[in-house]
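Report on the structure given below.
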Amino acid sequence: MTQDDVLVVGAGPSGLFAACELARHGIRVRLVEREVRRHRQARATAIQPGTLEILDSVGLLSPFLESAEHVQCTRLYSADLSELRTATFKGADCRCQFLCSLPQYETERILETHLVSLGGAIERGVTVTKLDLDSNGVLAELMHAEGGIETVHADILIGAGGAHSITRDSMDQPFEGATYQGHFLVADIAMQTTLPRDETSFVFGPDGLLLLAPLPGGRWLSFQDLEEAVETVSAQEVVARVEVRLGEQARAATIGGTWEESYPEGLLPSRRKGSAIFSSCFLAHRSKLPLLSSVCACWSRSADALRPTRSLGSNSAIRPARSRAGPWEIA
Ligand SMILES: Cc1cc2nc3c(=O)[nH]c(=O)nc-3n(C[C@H](O)[C@H](O)[C@H](O)COP(=O)(O)OP(=O)(O)OC[C@H]3O[C@@H](n4cnc5c(N)ncnc54)[C@H](O)[C@@H]3O)c2cc1C
């Protein structure tokens, strides 16, 4: 059995940012992640002005500004693309009066680089399989991908395992709430349109809603509701579906060129012209947790419990990590 000051479960944006903050304040931290390889899912792309303030306060604003698309406003369109309404970030009492749009794996890359510069690391292929409280903290059982079980004692555990959290399960804290009707589709696609690349566009057409937000490398994050009978969409179908909702504005681009180079080595997926790089059909939930009573654990809002249209993903990951991983909470 080994002793750690803080054990962080999960190296998504929440766990990584918490580990960075702990390392920055000189607190001994161990960050474990069950996945052996980095993912390539563009989720949690919108980083809001308030979150950029937090990143600025820890010296991380530059890499985010350099890597991301800058989104000045959200524009709502009717089916014929006439403008209905615009909401801008101008006047927000923040240094950056825009959103940064960046795939989650890029956020994780920046945070991991920062963690390494602070002397920390992600331990990949390590799954927390069991958690128990003892009189001085938490006992955690870790299963290593290459085999072997390890038991560690931590003064404090930060559960950042996402939607299906062992921390939440171990505290007997099920989500309470309801599931919205119907399925939704989120995807990372390459296509050309005349829509501005410094705006998020919502198109309200006869077939339903379409959201397009720019991603680095000329790509787009698309989000749409699906017809009642549709529960799954193949990767090849995704761009065609976006084009239908966008009408004349859409034209599938020849995929290739510079954005491929922006992919981390070994992560470039094989795909056909016009198909999605990442896509996922999902149900949307409105969920919350009963009040926490435990003294030794905290975790971020979970992935699947968030509505992508509210763009809370990375923001709800980084903000609590900032407040919970400071020495004022933990030291
Ligand atoms: C398909 C999909 C699409 C999404 N799209 C959007 C979007 O468009 N916009 C948006 O704002 N948000 C979106 N989200 C939500 C967003 O991804 C989350 O809000 C965000 O990832 C939360 O970050 P996190 O660090 O808390 O959790 P996660 O990113 O889920 O990270 C948790 C990490 O913990 C690891 N882990 C879990 N259990 C263990 C364990 N027992 N031991 C070790 N490691 C463990 C997991 O492997 C994972 O790497 C989407 C989510 C999904 C699933």
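Convention: chains lettered A, B, ... in structure tokens order; per-chain residue numbering from 1; ligands numbered from 1 as shown.
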Contacts between region 4-22 of chain A and region 108-175 of chain A, please, where a residue of region 108-175 of chain A counts if it comes within 10 Å (with only C-alpha atoms); show its shortest atom pair and distance in Å to one decimal, rows by chain and ascending number, as JSON lines.
```
{"residue": "A:Glu108", "atom": "CA", "partner": "A:Pro13", "partner_atom": "CA", "distance": 5.8}
{"residue": "A:Arg109", "atom": "CA", "partner": "A:Pro13", "partner_atom": "CA", "distance": 9.6}
{"residue": "A:Ile110", "atom": "CA", "partner": "A:Leu16", "partner_atom": "CA", "distance": 9.7}
{"residue": "A:Leu111", "atom": "CA", "partner": "A:Leu16", "partner_atom": "CA", "distance": 6.2}
{"residue": "A:Glu112", "atom": "CA", "partner": "A:Leu16", "partner_atom": "CA", "distance": 6.7}
{"residue": "A:Thr113", "atom": "CA", "partner": "A:Cys20", "partner_atom": "CA", "distance": 9.8}
{"residue": "A:His114", "atom": "CA", "partner": "A:Cys20", "partner_atom": "CA", "distance": 7.0}
{"residue": "A:Leu115", "atom": "CA", "partner": "A:Cys20", "partner_atom": "CA", "distance": 5.1}
{"residue": "A:Val116", "atom": "CA", "partner": "A:Cys20", "partner_atom": "CA", "distance": 8.7}
{"residue": "A:Ser117", "atom": "CA", "partner": "A:Cys20", "partner_atom": "CA", "distance": 9.4}
{"residue": "A:Leu118", "atom": "CA", "partner": "A:Cys20", "partner_atom": "CA", "distance": 7.3}
{"residue": "A:Gly119", "atom": "CA", "partner": "A:Cys20", "partner_atom": "CA", "distance": 9.4}
{"residue": "A:Gly120", "atom": "CA", "partner": "A:Cys20", "partner_atom": "CA", "distance": 7.7}
{"residue": "A:Ala121", "atom": "CA", "partner": "A:Ala19", "partner_atom": "CA", "distance": 8.9}
{"residue": "A:Ile122", "atom": "CA", "partner": "A:Ala11", "partner_atom": "CA", "distance": 6.9}
{"residue": "A:Glu123", "atom": "CA", "partner": "A:Ala11", "partner_atom": "CA", "distance": 8.8}
{"residue": "A:Arg124", "atom": "CA", "partner": "A:Ala11", "partner_atom": "CA", "distance": 8.7}
{"residue": "A:Val126", "atom": "CA", "partner": "A:Val9", "partner_atom": "CA", "distance": 9.3}
{"residue": "A:Thr127", "atom": "CA", "partner": "A:Val9", "partner_atom": "CA", "distance": 8.2}
{"residue": "A:Val128", "atom": "CA", "partner": "A:Val9", "partner_atom": "CA", "distance": 7.0}
{"residue": "A:Gly137", "atom": "CA", "partner": "A:Asp5", "partner_atom": "CA", "distance": 9.4}
{"residue": "A:Val138", "atom": "CA", "partner": "A:Leu7", "partner_atom": "CA", "distance": 9.0}
{"residue": "A:Leu139", "atom": "CA", "partner": "A:Leu7", "partner_atom": "CA", "distance": 9.9}
{"residue": "A:Ala140", "atom": "CA", "partner": "A:Leu7", "partner_atom": "CA", "distance": 8.7}
{"residue": "A:Val152", "atom": "CA", "partner": "A:Asp4", "partner_atom": "CA", "distance": 7.2}
{"residue": "A:His153", "atom": "CA", "partner": "A:Asp4", "partner_atom": "CA", "distance": 6.2}
{"residue": "A:Ala154", "atom": "CA", "partner": "A:Asp4", "partner_atom": "CA", "distance": 4.8}
{"residue": "A:Asp155", "atom": "CA", "partner": "A:Asp5", "partner_atom": "CA", "distance": 5.1}
{"residue": "A:Ile156", "atom": "CA", "partner": "A:Val6", "partner_atom": "CA", "distance": 4.8}
{"residue": "A:Leu157", "atom": "CA", "partner": "A:Leu7", "partner_atom": "CA", "distance": 4.9}
{"residue": "A:Ile158", "atom": "CA", "partner": "A:Val8", "partner_atom": "CA", "distance": 4.7}
{"residue": "A:Gly159", "atom": "CA", "partner": "A:Val9", "partner_atom": "CA", "distance": 5.0}
{"residue": "A:Ala160", "atom": "CA", "partner": "A:Gly15", "partner_atom": "CA", "distance": 5.1}
{"residue": "A:Gly161", "atom": "CA", "partner": "A:Gly10", "partner_atom": "CA", "distance": 4.6}
{"residue": "A:Gly162", "atom": "CA", "partner": "A:Gly10", "partner_atom": "CA", "distance": 7.6}
{"residue": "A:Ser165", "atom": "CA", "partner": "A:Val9", "partner_atom": "CA", "distance": 8.9}
{"residue": "A:Ile166", "atom": "CA", "partner": "A:Val9", "partner_atom": "CA", "distance": 8.7}
{"residue": "A:Thr167", "atom": "CA", "partner": "A:Val9", "partner_atom": "CA", "distance": 8.2}
```
Create the file for the chosen residues now, containing N, CA and C atoms and written as a short mmCIF file (atom, residue, chain, number, x, y, z; two decimals), in the first residue's frame.
```cif
data_model
loop_
_atom_site.label_atom_id
_atom_site.label_comp_id
_atom_site.auth_asym_id
_atom_site.auth_seq_id
_atom_site.Cartn_x
_atom_site.Cartn_y
_atom_site.Cartn_z
N GLU A 108 -7.42 18.84 -23.24
CA GLU A 108 -6.69 17.87 -22.42
C GLU A 108 -5.19 17.88 -22.75
N ARG A 109 -4.87 18.05 -24.04
CA ARG A 109 -3.44 18.10 -24.43
C ARG A 109 -2.75 19.29 -23.76
N ILE A 110 -3.41 20.46 -23.79
CA ILE A 110 -2.81 21.65 -23.20
C ILE A 110 -2.63 21.46 -21.69
N LEU A 111 -3.67 20.92 -21.05
CA LEU A 111 -3.58 20.73 -19.60
C LEU A 111 -2.53 19.68 -19.23
N GLU A 112 -2.43 18.63 -20.06
CA GLU A 112 -1.43 17.60 -19.75
C GLU A 112 -0.01 18.17 -19.89
N THR A 113 0.20 18.99 -20.93
CA THR A 113 1.51 19.62 -21.10
C THR A 113 1.84 20.49 -19.88
N HIS A 114 0.83 21.21 -19.41
CA HIS A 114 1.02 22.08 -18.24
C HIS A 114 1.34 21.24 -17.01
N LEU A 115 0.61 20.14 -16.85
CA LEU A 115 0.83 19.26 -15.69
C LEU A 115 2.27 18.72 -15.69
N VAL A 116 2.71 18.30 -16.86
CA VAL A 116 4.07 17.76 -16.97
C VAL A 116 5.09 18.85 -16.62
N SER A 117 4.82 20.09 -17.08
CA SER A 117 5.76 21.19 -16.77
C SER A 117 5.82 21.47 -15.27
N LEU A 118 4.78 21.06 -14.56
CA LEU A 118 4.75 21.27 -13.10
C LEU A 118 5.27 20.04 -12.35
N GLY A 119 5.73 19.06 -13.12
CA GLY A 119 6.31 17.87 -12.49
C GLY A 119 5.33 16.72 -12.30
N GLY A 120 4.10 16.88 -12.81
CA GLY A 120 3.10 15.82 -12.66
C GLY A 120 2.99 14.96 -13.91
N ALA A 121 2.06 14.02 -13.89
CA ALA A 121 1.87 13.11 -15.04
C ALA A 121 0.52 12.43 -14.92
N ILE A 122 0.02 11.99 -16.08
CA ILE A 122 -1.18 11.13 -16.06
C ILE A 122 -0.69 9.68 -16.01
N GLU A 123 -1.22 8.91 -15.10
CA GLU A 123 -0.94 7.46 -15.11
C GLU A 123 -2.05 6.80 -15.90
N ARG A 124 -1.74 6.42 -17.13
CA ARG A 124 -2.76 5.82 -18.00
C ARG A 124 -2.88 4.32 -17.77
N VAL A 126 -4.87 2.88 -15.67
CA VAL A 126 -5.08 2.57 -14.25
C VAL A 126 -6.53 2.90 -13.89
N THR A 127 -7.30 1.88 -13.51
CA THR A 127 -8.71 2.05 -13.21
C THR A 127 -8.95 1.94 -11.71
N VAL A 128 -9.67 2.89 -11.16
CA VAL A 128 -10.07 2.78 -9.75
C VAL A 128 -11.28 1.86 -9.70
N GLY A 137 -8.94 9.08 5.71
CA GLY A 137 -9.08 9.45 4.31
C GLY A 137 -9.79 8.38 3.52
N VAL A 138 -9.17 8.02 2.39
CA VAL A 138 -9.83 7.10 1.47
C VAL A 138 -8.88 5.96 1.11
N LEU A 139 -9.43 4.76 1.03
CA LEU A 139 -8.67 3.62 0.50
C LEU A 139 -9.18 3.34 -0.90
N ALA A 140 -8.26 3.29 -1.86
CA ALA A 140 -8.67 3.05 -3.24
C ALA A 140 -7.96 1.83 -3.79
N VAL A 152 -4.13 2.00 -2.52
CA VAL A 152 -3.49 3.24 -2.07
C VAL A 152 -4.37 3.91 -1.03
N HIS A 153 -3.68 4.66 -0.15
CA HIS A 153 -4.40 5.49 0.81
C HIS A 153 -4.20 6.93 0.40
N ALA A 154 -5.28 7.70 0.35
CA ALA A 154 -5.16 9.13 0.02
C ALA A 154 -5.86 9.93 1.11
N ASP A 155 -5.25 11.09 1.44
CA ASP A 155 -5.91 11.97 2.42
C ASP A 155 -7.22 12.47 1.82
N ILE A 156 -7.14 12.81 0.52
CA ILE A 156 -8.31 13.36 -0.16
C ILE A 156 -8.45 12.71 -1.51
N LEU A 157 -9.68 12.43 -1.90
CA LEU A 157 -9.95 11.89 -3.23
C LEU A 157 -10.74 12.93 -4.02
N ILE A 158 -10.31 13.18 -5.26
CA ILE A 158 -11.13 14.01 -6.15
C ILE A 158 -11.67 13.09 -7.23
N GLY A 159 -12.96 12.92 -7.25
CA GLY A 159 -13.59 12.06 -8.24
C GLY A 159 -13.93 12.89 -9.46
N ALA A 160 -13.24 12.64 -10.57
CA ALA A 160 -13.48 13.39 -11.81
C ALA A 160 -13.68 12.38 -12.94
N GLY A 161 -14.45 11.35 -12.64
CA GLY A 161 -14.60 10.24 -13.58
C GLY A 161 -15.72 10.40 -14.59
N GLY A 162 -16.35 11.57 -14.65
CA GLY A 162 -17.38 11.80 -15.66
C GLY A 162 -18.72 11.21 -15.27
N SER A 165 -19.46 7.58 -12.66
CA SER A 165 -18.39 7.83 -11.70
C SER A 165 -18.40 6.81 -10.56
N ILE A 166 -17.27 6.18 -10.36
CA ILE A 166 -17.16 5.25 -9.23
C ILE A 166 -17.25 6.02 -7.91
N THR A 167 -16.83 7.28 -7.93
CA THR A 167 -16.89 8.09 -6.71
C THR A 167 -18.35 8.31 -6.31
#
```
With 12 Å as the cut-off and only C-alpha atoms counted, what is the closest atom pair between each nearby residue of region 102-210 of chain A and region 85-88 of chain A? Distances in Å to one decimal, ordered by chain and number, as JSON lines.
```
{"residue": "A:Asp198", "atom": "CA", "partner": "A:Thr88", "partner_atom": "CA", "distance": 11.2}
{"residue": "A:Glu199", "atom": "CA", "partner": "A:Thr88", "partner_atom": "CA", "distance": 9.2}
{"residue": "A:Thr200", "atom": "CA", "partner": "A:Thr86", "partner_atom": "CA", "distance": 9.8}
{"residue": "A:Ser201", "atom": "CA", "partner": "A:Thr86", "partner_atom": "CA", "distance": 9.4}
{"residue": "A:Phe202", "atom": "CA", "partner": "A:Arg85", "partner_atom": "CA", "distance": 9.9}
{"residue": "A:Val203", "atom": "CA", "partner": "A:Arg85", "partner_atom": "CA", "distance": 11.0}
{"residue": "A:Phe204", "atom": "CA", "partner": "A:Arg85", "partner_atom": "CA", "distance": 11.6}
```
Filtering to N, CA and C atoms, could you give me those residues as an mmCIF file, in the first residue's frame?
```
data_model
loop_
_atom_site.group_PDB
_atom_site.id
_atom_site.type_symbol
_atom_site.label_atom_id
_atom_site.label_comp_id
_atom_site.auth_asym_id
_atom_site.auth_seq_id
_atom_site.Cartn_x
_atom_site.Cartn_y
_atom_site.Cartn_z
ATOM 1 N N ASP A 198 -16.463 32.885 -37.226
ATOM 2 C CA ASP A 198 -16.258 33.432 -35.882
ATOM 3 C C ASP A 198 -17.598 33.584 -35.159
ATOM 4 N N GLU A 199 -18.559 32.746 -35.556
ATOM 5 C CA GLU A 199 -19.874 32.783 -34.909
ATOM 6 C C GLU A 199 -20.381 31.356 -34.709
ATOM 7 N N THR A 200 -21.271 31.182 -33.710
ATOM 8 C CA THR A 200 -22.033 29.929 -33.608
ATOM 9 C C THR A 200 -23.385 30.185 -34.251
ATOM 10 N N SER A 201 -23.810 29.279 -35.112
ATOM 11 C CA SER A 201 -25.076 29.479 -35.834
ATOM 12 C C SER A 201 -26.097 28.422 -35.403
ATOM 13 N N PHE A 202 -27.295 28.892 -35.116
ATOM 14 C CA PHE A 202 -28.431 27.998 -34.878
ATOM 15 C C PHE A 202 -29.396 28.186 -36.034
ATOM 16 N N VAL A 203 -29.743 27.113 -36.727
ATOM 17 C CA VAL A 203 -30.716 27.207 -37.809
ATOM 18 C C VAL A 203 -31.973 26.450 -37.384
ATOM 19 N N PHE A 204 -33.107 27.152 -37.398
ATOM 20 C CA PHE A 204 -34.386 26.533 -37.026
ATOM 21 C C PHE A 204 -35.157 26.246 -38.305
#
```
Interatomic distance (Å, one decimal) between atom 52 (C, counted along the ligand's line) of ligand 1 and CA of Phe184 (chain A): 11.2 Å
Can you list every residue in region 154-228 of chain A that DSSP puts in strand (DSSP E), as an mmCIF file with C-alpha atoms, in the first residue's frame?
```cif
data_model
loop_
_atom_site.group_PDB
_atom_site.id
_atom_site.type_symbol
_atom_site.label_atom_id
_atom_site.label_comp_id
_atom_site.auth_asym_id
_atom_site.auth_seq_id
_atom_site.Cartn_x
_atom_site.Cartn_y
_atom_site.Cartn_z
ATOM 1 C CA ALA A 154 -5.163 9.130 0.020
ATOM 2 C CA ASP A 155 -5.911 11.968 2.415
ATOM 3 C CA ILE A 156 -8.314 13.364 -0.160
ATOM 4 C CA LEU A 157 -9.948 11.893 -3.234
ATOM 5 C CA ILE A 158 -11.126 14.014 -6.148
ATOM 6 C CA GLY A 159 -13.593 12.060 -8.241
ATOM 7 C CA GLU A 176 -32.204 12.482 -9.854
ATOM 8 C CA GLY A 177 -34.065 13.875 -12.820
ATOM 9 C CA ALA A 178 -35.679 13.013 -16.122
ATOM 10 C CA THR A 179 -34.751 12.228 -19.699
ATOM 11 C CA TYR A 180 -35.896 14.461 -22.547
ATOM 12 C CA GLN A 181 -37.820 12.906 -25.401
ATOM 13 C CA GLY A 182 -35.958 11.969 -28.549
ATOM 14 C CA HIS A 183 -32.366 11.478 -29.620
ATOM 15 C CA PHE A 184 -29.723 14.046 -30.536
ATOM 16 C CA LEU A 185 -26.660 13.915 -32.757
ATOM 17 C CA VAL A 186 -23.336 15.630 -32.099
ATOM 18 C CA ALA A 187 -20.487 15.413 -34.633
ATOM 19 C CA ASP A 188 -17.143 16.829 -35.720
ATOM 20 C CA ILE A 189 -17.324 17.338 -39.495
ATOM 21 C CA ALA A 190 -15.449 18.903 -42.389
ATOM 22 C CA MET A 191 -17.606 20.936 -44.763
ATOM 23 C CA GLN A 192 -17.721 24.346 -46.413
ATOM 24 C CA GLU A 199 -19.874 32.783 -34.909
ATOM 25 C CA THR A 200 -22.033 29.929 -33.608
ATOM 26 C CA SER A 201 -25.076 29.479 -35.834
ATOM 27 C CA PHE A 202 -28.431 27.998 -34.878
ATOM 28 C CA VAL A 203 -30.716 27.207 -37.809
ATOM 29 C CA PHE A 204 -34.386 26.533 -37.026
ATOM 30 C CA GLY A 205 -35.712 24.677 -40.098
ATOM 31 C CA GLY A 208 -35.592 20.613 -36.730
ATOM 32 C CA LEU A 209 -32.668 22.389 -35.139
ATOM 33 C CA LEU A 210 -29.083 22.591 -36.373
ATOM 34 C CA LEU A 211 -26.185 24.111 -34.464
ATOM 35 C CA LEU A 212 -22.838 24.707 -36.162
ATOM 36 C CA ALA A 213 -19.838 25.985 -34.242
ATOM 37 C CA PRO A 214 -16.375 26.384 -35.795
ATOM 38 C CA LEU A 215 -13.565 24.037 -34.788
ATOM 39 C CA ARG A 219 -13.953 21.867 -39.172
ATOM 40 C CA TRP A 220 -17.343 22.305 -37.501
ATOM 41 C CA LEU A 221 -19.046 20.924 -34.424
ATOM 42 C CA SER A 222 -22.606 20.118 -35.454
ATOM 43 C CA PHE A 223 -25.506 19.363 -33.175
ATOM 44 C CA GLN A 224 -29.056 18.468 -34.200
ATOM 45 C CA ASP A 225 -32.186 16.801 -32.909
#
```
Backbone DSSP call of helix (DSSP H, G or I) for region 113-217 of chain A, listed as a PyMOL selection string: chain A and resi 113-117+166-170+216-217
For the residues in that selection, give me C-alpha atoms as a JSON list (two decimals), in the first residue's frame.
```json
[["chain", "number", "residue", "atom", "x", "y", "z"],
["A", 113, "THR", "CA", 1.51, 19.62, -21.10],
["A", 114, "HIS", "CA", 1.02, 22.08, -18.24],
["A", 115, "LEU", "CA", 0.83, 19.26, -15.69],
["A", 116, "VAL", "CA", 4.07, 17.76, -16.97],
["A", 117, "SER", "CA", 5.76, 21.19, -16.77],
["A", 166, "ILE", "CA", -17.16, 5.25, -9.23],
["A", 167, "THR", "CA", -16.89, 8.09, -6.71],
["A", 168, "ARG", "CA", -20.56, 8.94, -7.01],
["A", 169, "ASP", "CA", -21.53, 5.25, -6.88],
["A", 170, "SER", "CA", -19.39, 4.71, -3.78],
["A", 216, "PRO", "CA", -9.87, 24.54, -35.56],
["A", 217, "GLY", "CA", -8.61, 23.25, -38.91]]
```
A:Cys281, A:Ala79, A:Ile149, A:Cys94 ranked by distance to Asp207 (chain A), top pick (using only C-alpha atoms):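 Answer, going by the shortest atom-to-atom distance: A:Ala79.
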Excluding Ala68 (chain A) and its own-chain neighbours fewer than 4 positions away, which residues fall within 12 Å of it when counting only C-alpha atoms? Please give them as a compact mmCIF listing (two decimals) with N, CA and C atoms, in the first residue's frame.
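Heads up, here's the output in around_16.txt:
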```txt
# COMPACT_ATOMS: atom_id res chain seq x y z
N THR A 45 -16.66 21.61 -26.38
CA THR A 45 -15.82 22.49 -27.20
C THR A 45 -15.85 23.97 -26.80
N ALA A 46 -16.93 24.40 -26.15
CA ALA A 46 -17.09 25.84 -25.92
C ALA A 46 -16.47 26.25 -24.59
N ILE A 47 -15.47 27.09 -24.64
CA ILE A 47 -14.83 27.58 -23.41
C ILE A 47 -15.23 29.04 -23.24
N GLN A 48 -16.00 29.29 -22.21
CA GLN A 48 -16.67 30.60 -22.07
C GLN A 48 -15.71 31.66 -21.51
N LEU A 52 -12.15 31.41 -19.42
CA LEU A 52 -10.88 31.95 -19.93
C LEU A 52 -10.21 32.82 -18.87
N LEU A 61 -3.77 31.10 -20.50
CA LEU A 61 -4.62 31.69 -21.54
C LEU A 61 -4.01 31.56 -22.94
N SER A 62 -2.70 31.85 -23.05
CA SER A 62 -2.08 31.87 -24.38
C SER A 62 -2.26 30.59 -25.17
N PRO A 63 -1.94 29.41 -24.62
CA PRO A 63 -2.10 28.21 -25.45
C PRO A 63 -3.54 27.97 -25.87
N PHE A 64 -4.50 28.37 -25.03
CA PHE A 64 -5.91 28.21 -25.42
C PHE A 64 -6.25 29.18 -26.55
N PHE A 98 -15.27 36.83 -25.92
CA PHE A 98 -15.61 35.83 -26.94
C PHE A 98 -15.47 34.45 -26.33
N LEU A 99 -16.02 33.46 -27.05
CA LEU A 99 -15.84 32.05 -26.65
C LEU A 99 -14.62 31.49 -27.35
N CYS A 100 -13.94 30.54 -26.74
CA CYS A 100 -12.95 29.76 -27.46
C CYS A 100 -13.58 28.42 -27.82
N SER A 101 -13.44 28.04 -29.08
CA SER A 101 -14.00 26.75 -29.51
C SER A 101 -12.85 25.79 -29.78
N LEU A 102 -12.81 24.72 -29.00
CA LEU A 102 -11.66 23.82 -29.04
C LEU A 102 -12.12 22.41 -28.66
N PRO A 103 -11.72 21.38 -29.44
CA PRO A 103 -12.10 20.01 -29.06
C PRO A 103 -11.56 19.65 -27.67
N GLN A 104 -12.31 18.79 -27.00
CA GLN A 104 -11.91 18.43 -25.63
C GLN A 104 -10.51 17.80 -25.59
N TYR A 105 -10.18 17.01 -26.65
CA TYR A 105 -8.86 16.37 -26.60
C TYR A 105 -7.73 17.41 -26.69
N GLU A 106 -8.01 18.57 -27.29
CA GLU A 106 -7.01 19.63 -27.34
C GLU A 106 -6.89 20.31 -25.97
N THR A 107 -8.04 20.53 -25.33
CA THR A 107 -8.02 21.06 -23.96
C THR A 107 -7.19 20.13 -23.07
N ILE A 110 -3.41 20.46 -23.79
CA ILE A 110 -2.81 21.65 -23.20
C ILE A 110 -2.63 21.46 -21.69
N ARG A 197 -17.09 31.96 -39.69
CA ARG A 197 -16.36 31.05 -38.82
C ARG A 197 -16.00 31.66 -37.48
N ASP A 198 -16.46 32.88 -37.23
CA ASP A 198 -16.26 33.43 -35.88
C ASP A 198 -17.60 33.58 -35.16
N ALA A 213 -20.84 25.14 -34.90
CA ALA A 213 -19.84 25.98 -34.24
C ALA A 213 -18.48 25.65 -34.85
N PRO A 214 -17.66 26.67 -35.13
CA PRO A 214 -16.38 26.38 -35.80
C PRO A 214 -15.41 25.64 -34.88
N LEU A 215 -14.65 24.72 -35.49
CA LEU A 215 -13.56 24.04 -34.79
C LEU A 215 -12.27 24.32 -35.54
N PRO A 216 -11.13 24.27 -34.87
CA PRO A 216 -9.87 24.54 -35.56
C PRO A 216 -9.67 23.60 -36.75
N GLY A 217 -8.90 24.07 -37.73
CA GLY A 217 -8.61 23.25 -38.91
C GLY A 217 -9.73 23.28 -39.93
N GLY A 218 -10.60 24.29 -39.88
CA GLY A 218 -11.67 24.40 -40.87
C GLY A 218 -12.83 23.46 -40.61
N ARG A 219 -12.88 22.82 -39.44
CA ARG A 219 -13.95 21.87 -39.17
C ARG A 219 -15.09 22.55 -38.41
N SER A 262 -3.32 18.62 -37.87
CA SER A 262 -3.58 19.08 -36.50
C SER A 262 -3.95 17.92 -35.58
```
Thr51 (chain A) surroundings by only C-alpha atoms, 9 Å radius, close-in-sequence under 5 positions cut, as a list in words: Asp56, Ser314, Asn315, Ser316, Ile318 and Arg319 of chain A
Closest of A:Asp134, A:Asp172, A:Glu231, A:Glu237 to Leu283 (chain A) - atom-to-atom distances counting only C-alpha atoms: A:Glu231
Atomic distance CA of Gly91 (chain A) - CA of Ala44 (chain A), expressed in Å with one decimal: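 Taking CA of Gly91 (chain A) as the start and CA of Ala44 (chain A) as the end point, the length is 24.2 Å.
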Of the listed residues A:Lys130, A:Arg34, A:Arg40, A:His70, that which approaches Ile277 (chain A) most closely, counting only C-alpha atoms: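 Comparing A:Lys130, A:Arg34, A:Arg40, A:His70 against Ile277 (chain A), the winner is A:Arg40.
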Separation of atom 40 (C, counted along the ligand's line) of ligand 1 from CA of Ser234 (chain A), in Å and rounded to one decimal: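 CA of Ser234 (chain A) lies at a distance of 28.8 Å from atom 40 (C, counted along the ligand's line) of ligand 1.
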Using only C-alpha atoms and all ligand atoms: which of A:Met143, A:Leu76, A:Val29, A:Val71 has the shortest distance to ligand 1: A:Met143
Among the residues A:Gln41, A:Ser67, A:Ser82, A:Ser135, the one that comes closest to ligand 1 [using only C-alpha atoms and all ligand atoms]: A:Gln41
Nearest candidate to Pro196 (chain A) (options A:Arg75, A:Arg245, A:Arg286, A:Arg30; using only C-alpha atoms):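 Residue with the minimum atom-to-atom distance to Pro196 (chain A): A:Arg75.
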